[in-house]
Each structure stands twice: as C-alpha cells, then as structure tokens.
Amino acid sequence: MPRGTSRRRALADPDVADGKTIMELSQDQLEQFDTEGWVFLPDVFSQEEMDVLSGELPTIFAMDREEVWRESNGEAVRTAFAAHFYNEAFRRLGRHPRLVGPVMQLLDGPVYMHQYKINGKAAFDGDVWQWHQDYGTWARDDKMPEARAMNIALFIDEVNEFNGPLYLIPRSHKGGVIEAGHDLETTSYPLWTLDKETVARLADEGGMIAPKGKPGSVLLFHSNLVHASAPNISPWGRVIVYLSLCHVDNHIRQFKRAEWIAHRDFTPIEPLDDDCLLELARENAAAAE
C-alpha cells in the first residue's frame, strides 16, 4: 500500500491559523489523492492522544440522545453524530491541525464541519455500510453544490482484515456522481447506495483496497470515491472517527436533515494548537489529583 511522508508547516496567514503549525501533504501524496482518490497516513497521532479519545467512548456510547444512532438490534452503536457538540475531547479533535490542515490544502481554502461521525463496528454486531458515495448523499439530501468536500478519518482502534475495514475502489471518484437508489431497509440508517452491476464494473476497472493500521492512523478520501464496509463478525470492535469537511463557499443549500447530521454553521474552522489533546490529558490528570 503506498504510504507517503507527511510534513508540517506554519501557515503565514493569521486569519486562517494564527501562525499555528499545520500538517500538509507532500507532492507525492497530492498526486496520489488526485489519481487514486485516497491517501493513507500511519502514525499521525500518538498512543497518548488516542487514549484521551478512546477513554471518552464508553460515556458517549452510553448516552441516551438522538445523536447516538444504534444498529437494528437497538444496542450496538452504529454512529455517534456531532460529538464535538457534547464532548470536549472530540471538540478539540474536530479542530485539530493534523486533520483540518490537509483538507484545507486539498480543497484550497477554509473549511467548515459538514458532518462529524464516530462510527462504531461493534464486535459481533457491527452492521454493513453498503456501497455508496458520500457526495451523492450530500448532493441529493443537502443540495451541496459541488464535490468540494471530503472525509478525513482517524482510526481510534486498530483496523484489521477481520473487524470491518473500509473497502475503497480506487479511481472511482473520476466518474462523478453515480446513479443510486435510496436504501431504507438494509440497516437502521438510510443511505443512497449503488447497484451490484455498477460496483462490479468499477471494481474490475480500479480494483479494491482496504486500508488497515494502528490507532492514530489517518485516511483521506475523495467524496465521490465509492466505498463500503462489511459487517463485523469478529470478536474485535473498531471505531473510526470521520470529519466531513466542506469548503465554506460550497455550503449546503437544503436543510431537510437534522442539524446534527448536516450542520448549518458555515463558520471556517480555526485550528487549535497541535498539542491540544495532550493539553487535555494534562488537565484531566491534574483534576484527578
């Protein structure tokens, strides 16, 4: 699997990041993203930082609130939406320069948070995510004008071949928005999905990959890239956090979905300091003394 080397720089524009250090992609990674539609970056976050985030998950997953969407069995968490509104660690993650910076670079400008998801694949009970394109949903349901938005995903747990890794079809983003049907029955969550013949054709053309890695790994992929994930029947759960970031000029025009699913605050994200999660770990340790 191709792995580029990430680097960081200080943005000169104080209106964007106030001189803070922002991670950006190398030229090779930019070219891979354009050609293949995805880039995988191992070891972006430390284990100490991941411990801060994973330590919050039991509390979030136990919440009885509409943003915490459960699988069809009514128990396992499928997605916790908008956790940056009700959890401090994930609020900081949503403004982390190692996530926001590369997307600003790829989308060529300031971004806002269109959607924030903590996706669980519970051991034995994590259900399928059907074949789909994210921008297909954003265009149909939210009237987002263009595919000037994308996902950047952080592995909270190790993602391996057994626990429901994300399947990507390389280069499938080049075909634009593909015809899809609105699947309201397969899982607890409605989704615009592709038919089997289309997926087979795209896979024959581009192949298929499943990025795997340790906690702290990051995956970026184009919003038109066709992707899915199988059910998790293994004894190992896995959690991935997805920030769906959109260029501020490309904000959604339709507001039929709940605000906690498709956000309506188009204010540009101002990245925090690079050590914001470690600072929270220190604050939590001091409070516990």
# chains A, B, ... in the order shown; residues from 1 in each chain; ligands from 1

call {"tool": "residues_around", "arguments": {"residues": "Ala80 of chain A", "least_positions_apart": "2", "cutoff": "6 Å", "atoms": "only C-alpha atoms", "output": "PyMOL selection string"}}
result
chain A and resi 67-69+117-118

call {"tool": "residues_around", "arguments": {"residues": "Leu106 of chain A", "least_positions_apart": "3", "cutoff": "10 Å", "atoms": "only C-alpha atoms", "output": "CSV table (one decimal) with C-alpha atoms, in the first residue's frame"}}
result
chain,number,residue,atom,x,y,z
A,24,GLU,CA,0.1,19.3,5.0
A,25,LEU,CA,0.5,16.6,2.4
A,30,LEU,CA,-1.3,15.2,-3.5
A,33,PHE,CA,-5.1,11.7,-4.0
A,34,ASP,CA,-5.8,13.2,-7.4
A,101,GLY,CA,-4.8,21.2,7.6
A,102,PRO,CA,-4.6,18.5,4.9
A,103,VAL,CA,-8.2,19.1,3.9
A,109,GLY,CA,-9.3,27.2,1.3
A,148,ARG,CA,-15.6,20.4,-2.8
A,149,ALA,CA,-15.9,18.4,0.4
A,150,MET,CA,-14.3,15.3,1.7
A,222,HIS,CA,-12.5,11.9,-2.1
A,247,HIS,CA,-15.2,24.4,1.6

call {"tool": "closest_residue", "arguments": {"among": "A:Thr35, A:Ser54, A:Asn119, A:Ser234", "to": "Asn160 of chain A", "atoms": "only C-alpha atoms"}}
result
A:Ser234

call {"tool": "select_by_dssp", "arguments": {"residues": "segment 106-286 of chain A", "states": "helix (DSSP H, G or I)", "output": "NGL selection string"}}
result
:A and (106-107 or 134-142 or 172-175 or 196-206 or 248-250 or 276-286)

call {"tool": "write_last_selection", "arguments": {"atoms": "C-alpha atoms", "output": "tab-separated table (two decimals), in the first residue's frame"}}
result
chain	number	residue	atom	x	y	z
A	106	LEU	CA	-6.78	19.69	-0.83
A	107	LEU	CA	-9.88	21.90	-1.01
A	134	ASP	CA	-20.66	10.41	0.28
A	135	TYR	CA	-21.12	13.34	-2.07
A	136	GLY	CA	-24.01	11.52	-3.70
A	137	THR	CA	-25.87	11.81	-0.40
A	138	TRP	CA	-24.74	15.36	0.27
A	139	ALA	CA	-25.86	16.46	-3.20
A	140	ARG	CA	-29.25	14.70	-3.07
A	141	ASP	CA	-30.21	15.31	0.56
A	142	ASP	CA	-28.43	18.57	1.34
A	172	SER	CA	-13.91	5.53	-8.82
A	173	HIS	CA	-14.10	9.24	-7.93
A	174	LYS	CA	-13.24	10.14	-11.52
A	175	GLY	CA	-16.74	9.29	-12.78
A	196	LYS	CA	-24.28	-4.57	-7.84
A	197	GLU	CA	-23.56	-4.21	-11.55
A	198	THR	CA	-22.08	-0.74	-11.09
A	199	VAL	CA	-19.90	-1.83	-8.17
A	200	ALA	CA	-18.66	-4.88	-10.11
A	201	ARG	CA	-17.76	-2.75	-13.12
A	202	LEU	CA	-15.90	-0.18	-11.03
A	203	ALA	CA	-14.02	-2.88	-9.10
A	204	ASP	CA	-12.99	-4.56	-12.37
A	205	GLU	CA	-11.63	-1.22	-13.54
A	206	GLY	CA	-9.96	0.04	-10.36
A	248	VAL	CA	-17.08	27.36	3.09
A	249	ASP	CA	-18.11	28.61	-0.40
A	250	ASN	CA	-19.67	25.20	-1.11
A	276	CYS	CA	-4.49	20.36	22.20
A	277	LEU	CA	-5.26	16.71	23.03
A	278	LEU	CA	-2.15	16.33	25.18
A	279	GLU	CA	-3.10	19.53	26.97
A	280	LEU	CA	-6.49	17.99	27.76
A	281	ALA	CA	-4.76	14.85	29.07
A	282	ARG	CA	-2.69	17.04	31.41
A	283	GLU	CA	-5.79	18.93	32.55
A	284	ASN	CA	-7.64	15.67	33.25
A	285	ALA	CA	-4.66	14.28	35.19
A	286	ALA	CA	-4.41	17.42	37.30

call {"tool": "residues_around", "arguments": {"residues": "Pro190 of chain A", "least_positions_apart": "4", "cutoff": "12 Å", "atoms": "only C-alpha atoms", "output": "PyMOL selection string"}}
result
chain A and resi 69+71-72+129-130+132+137+141+181-186+257

call {"tool": "residues_around", "arguments": {"residues": "segment 264-271 of chain A", "least_positions_apart": "5", "cutoff": "12 Å", "atoms": "only C-alpha atoms", "output": "ChimeraX atom specification"}}
result
/A:10-11,13-23,91-104,109-115,142,144,243,245-259,276

call {"tool": "closest_residue", "arguments": {"among": "A:Thr79, A:Asn87, A:Asn163, A:Gln105", "to": "Val241 of chain A", "atoms": "only C-alpha atoms"}}
result
A:Thr79

call {"tool": "atom_distance", "arguments": {"atom1": "atom CA of Arg78 of chain A", "atom2": "atom CA of Lys121 of chain A"}}
result
6.8 Å

call {"tool": "closest_residue", "arguments": {"among": "A:Trp38, A:Phe85, A:Trp236, A:Tyr116", "to": "Ala210 of chain A", "atoms": "only C-alpha atoms"}}
result
A:Trp38

call {"tool": "decode", "arguments": {"residues": "segment 40-194 of chain A", "atoms": "C-alpha atoms", "output": "short mmCIF file (atom, residue, chain, number, x, y, z; two decimals), in the first residue's frame"}}
result
data_model
loop_
_atom_site.label_atom_id
_atom_site.label_comp_id
_atom_site.auth_asym_id
_atom_site.auth_seq_id
_atom_site.Cartn_x
_atom_site.Cartn_y
_atom_site.Cartn_z
CA PHE A 40 -3.33 6.67 4.00
CA LEU A 41 -1.07 8.15 6.70
CA PRO A 42 0.15 5.88 9.52
CA ASP A 43 1.21 7.12 12.96
CA VAL A 44 -0.27 10.61 12.70
CA PHE A 45 -1.42 10.63 16.35
CA SER A 46 0.40 9.20 19.36
CA GLN A 47 -0.94 6.48 21.63
CA GLU A 48 -1.27 9.02 24.44
CA GLU A 49 -3.51 11.14 22.24
CA MET A 50 -5.54 8.12 21.23
CA ASP A 51 -6.00 7.17 24.88
CA VAL A 52 -7.62 10.57 25.50
CA LEU A 53 -10.17 9.90 22.76
CA SER A 54 -10.83 6.22 23.39
CA GLY A 55 -11.33 6.93 27.08
CA GLU A 56 -14.37 9.07 26.20
CA LEU A 57 -16.12 6.44 24.07
CA PRO A 58 -17.88 4.44 26.84
CA THR A 59 -19.52 7.63 28.11
CA ILE A 60 -20.58 8.75 24.63
CA PHE A 61 -21.86 5.33 23.57
CA ALA A 62 -23.91 5.03 26.78
CA MET A 63 -25.74 8.30 26.15
CA ASP A 64 -29.47 8.23 25.52
CA ARG A 65 -29.69 11.01 22.96
CA GLU A 66 -30.84 11.25 19.36
CA GLU A 67 -27.34 11.81 18.00
CA VAL A 68 -26.25 8.35 19.16
CA TRP A 69 -27.65 6.12 16.41
CA ARG A 70 -27.83 2.41 17.17
CA GLU A 71 -27.80 -0.68 14.99
CA SER A 72 -31.00 -2.54 14.18
CA ASN A 73 -30.60 -4.60 17.35
CA GLY A 74 -31.16 -1.41 19.36
CA GLU A 75 -27.99 -1.90 21.39
CA ALA A 76 -24.69 -1.58 19.48
CA VAL A 77 -23.77 1.96 18.47
CA ARG A 78 -23.63 2.47 14.71
CA THR A 79 -22.78 6.18 14.70
CA ALA A 80 -22.46 8.92 17.29
CA PHE A 81 -23.14 12.12 15.37
CA ALA A 82 -21.88 15.59 16.28
CA ALA A 83 -19.83 14.56 19.31
CA HIS A 84 -17.92 17.83 19.05
CA PHE A 85 -21.05 19.49 20.47
CA TYR A 86 -21.18 17.45 23.67
CA ASN A 87 -17.67 16.11 24.35
CA GLU A 88 -14.56 18.21 24.91
CA ALA A 89 -12.00 15.73 23.57
CA PHE A 90 -13.87 15.29 20.31
CA ARG A 91 -14.50 19.03 20.10
CA ARG A 92 -10.74 19.51 20.08
CA LEU A 93 -10.27 16.72 17.57
CA GLY A 94 -12.67 18.50 15.20
CA ARG A 95 -10.32 21.48 15.16
CA HIS A 96 -7.05 19.56 15.20
CA PRO A 97 -4.47 20.93 12.75
CA ARG A 98 -3.35 17.43 11.72
CA LEU A 99 -6.85 16.78 10.37
CA VAL A 100 -8.04 20.20 9.25
CA GLY A 101 -4.76 21.21 7.60
CA PRO A 102 -4.56 18.53 4.87
CA VAL A 103 -8.22 19.07 3.93
CA MET A 104 -7.75 22.83 3.66
CA GLN A 105 -4.81 22.09 1.39
CA LEU A 106 -6.78 19.69 -0.83
CA LEU A 107 -9.88 21.90 -1.01
CA ASP A 108 -7.78 25.05 -1.43
CA GLY A 109 -9.25 27.21 1.28
CA PRO A 110 -11.14 27.46 4.57
CA VAL A 111 -13.50 24.65 5.55
CA TYR A 112 -16.45 24.14 7.86
CA MET A 113 -17.74 20.98 9.55
CA HIS A 114 -20.49 19.50 7.38
CA GLN A 115 -20.76 16.27 9.37
CA TYR A 116 -19.00 14.67 12.35
CA LYS A 117 -19.34 10.93 12.96
CA ILE A 118 -17.89 8.42 15.39
CA ASN A 119 -18.59 5.17 13.55
CA GLY A 120 -18.53 2.01 15.61
CA LYS A 121 -18.20 -1.54 14.32
CA ALA A 122 -19.07 -3.38 17.49
CA ALA A 123 -17.61 -6.85 17.93
CA PHE A 124 -20.06 -9.43 16.51
CA ASP A 125 -22.79 -6.79 15.99
CA GLY A 126 -21.35 -4.07 13.73
CA ASP A 127 -23.55 -3.94 10.62
CA VAL A 128 -22.74 -3.36 6.95
CA TRP A 129 -22.27 0.03 5.29
CA GLN A 130 -23.47 -0.50 1.72
CA TRP A 131 -21.59 0.65 -1.39
CA HIS A 132 -22.03 4.41 -1.76
CA GLN A 133 -20.51 7.80 -2.47
CA ASP A 134 -20.66 10.41 0.28
CA TYR A 135 -21.12 13.34 -2.07
CA GLY A 136 -24.01 11.52 -3.70
CA THR A 137 -25.87 11.81 -0.40
CA TRP A 138 -24.74 15.36 0.27
CA ALA A 139 -25.86 16.46 -3.20
CA ARG A 140 -29.25 14.70 -3.07
CA ASP A 141 -30.21 15.31 0.56
CA ASP A 142 -28.43 18.57 1.34
CA LYS A 143 -28.08 20.31 -2.06
CA MET A 144 -24.33 20.72 -1.67
CA PRO A 145 -23.35 22.38 -4.98
CA GLU A 146 -20.07 20.59 -5.80
CA ALA A 147 -17.81 17.80 -4.54
CA ARG A 148 -15.62 20.36 -2.80
CA ALA A 149 -15.92 18.42 0.44
CA MET A 150 -14.30 15.26 1.70
CA ASN A 151 -13.73 12.87 4.59
CA ILE A 152 -10.69 12.58 6.76
CA ALA A 153 -10.85 9.55 9.07
CA LEU A 154 -8.93 8.73 12.24
CA PHE A 155 -8.56 5.13 13.43
CA ILE A 156 -9.35 5.05 17.15
CA ASP A 157 -8.78 1.28 17.28
CA GLU A 158 -6.60 -0.98 15.20
CA VAL A 159 -8.34 -1.67 11.90
CA ASN A 160 -7.55 -5.12 10.50
CA GLU A 161 -8.86 -7.56 7.92
CA PHE A 162 -11.27 -9.10 10.44
CA ASN A 163 -13.13 -6.21 12.09
CA GLY A 164 -14.86 -4.48 9.19
CA PRO A 165 -12.25 -2.32 7.45
CA LEU A 166 -13.35 0.25 4.93
CA TYR A 167 -13.33 -1.00 1.33
CA LEU A 168 -12.33 1.57 -1.29
CA ILE A 169 -12.49 1.32 -5.09
CA PRO A 170 -9.50 3.36 -6.35
CA ARG A 171 -10.12 5.90 -9.11
CA SER A 172 -13.91 5.53 -8.82
CA HIS A 173 -14.10 9.24 -7.93
CA LYS A 174 -13.24 10.14 -11.52
CA GLY A 175 -16.74 9.29 -12.78
CA GLY A 176 -18.56 11.96 -10.81
CA VAL A 177 -21.87 11.29 -9.09
CA ILE A 178 -23.24 7.85 -9.95
CA GLU A 179 -26.89 6.89 -10.10
CA ALA A 180 -28.04 5.45 -6.77
CA GLY A 181 -31.13 4.15 -5.01
CA HIS A 182 -32.33 5.21 -1.57
CA ASP A 183 -31.99 2.15 0.68
CA LEU A 184 -34.28 2.50 3.69
CA GLU A 185 -34.35 -1.15 4.71
CA THR A 186 -30.93 -2.84 4.84
CA THR A 187 -29.73 -1.16 8.05
CA SER A 188 -31.01 1.25 10.67
CA TYR A 189 -29.60 4.20 8.69
CA PRO A 190 -30.95 5.37 5.27
CA LEU A 191 -28.33 5.58 2.53
CA TRP A 192 -28.07 6.28 -1.21
CA THR A 193 -26.48 3.06 -2.49
CA LEU A 194 -25.07 1.73 -5.78
#
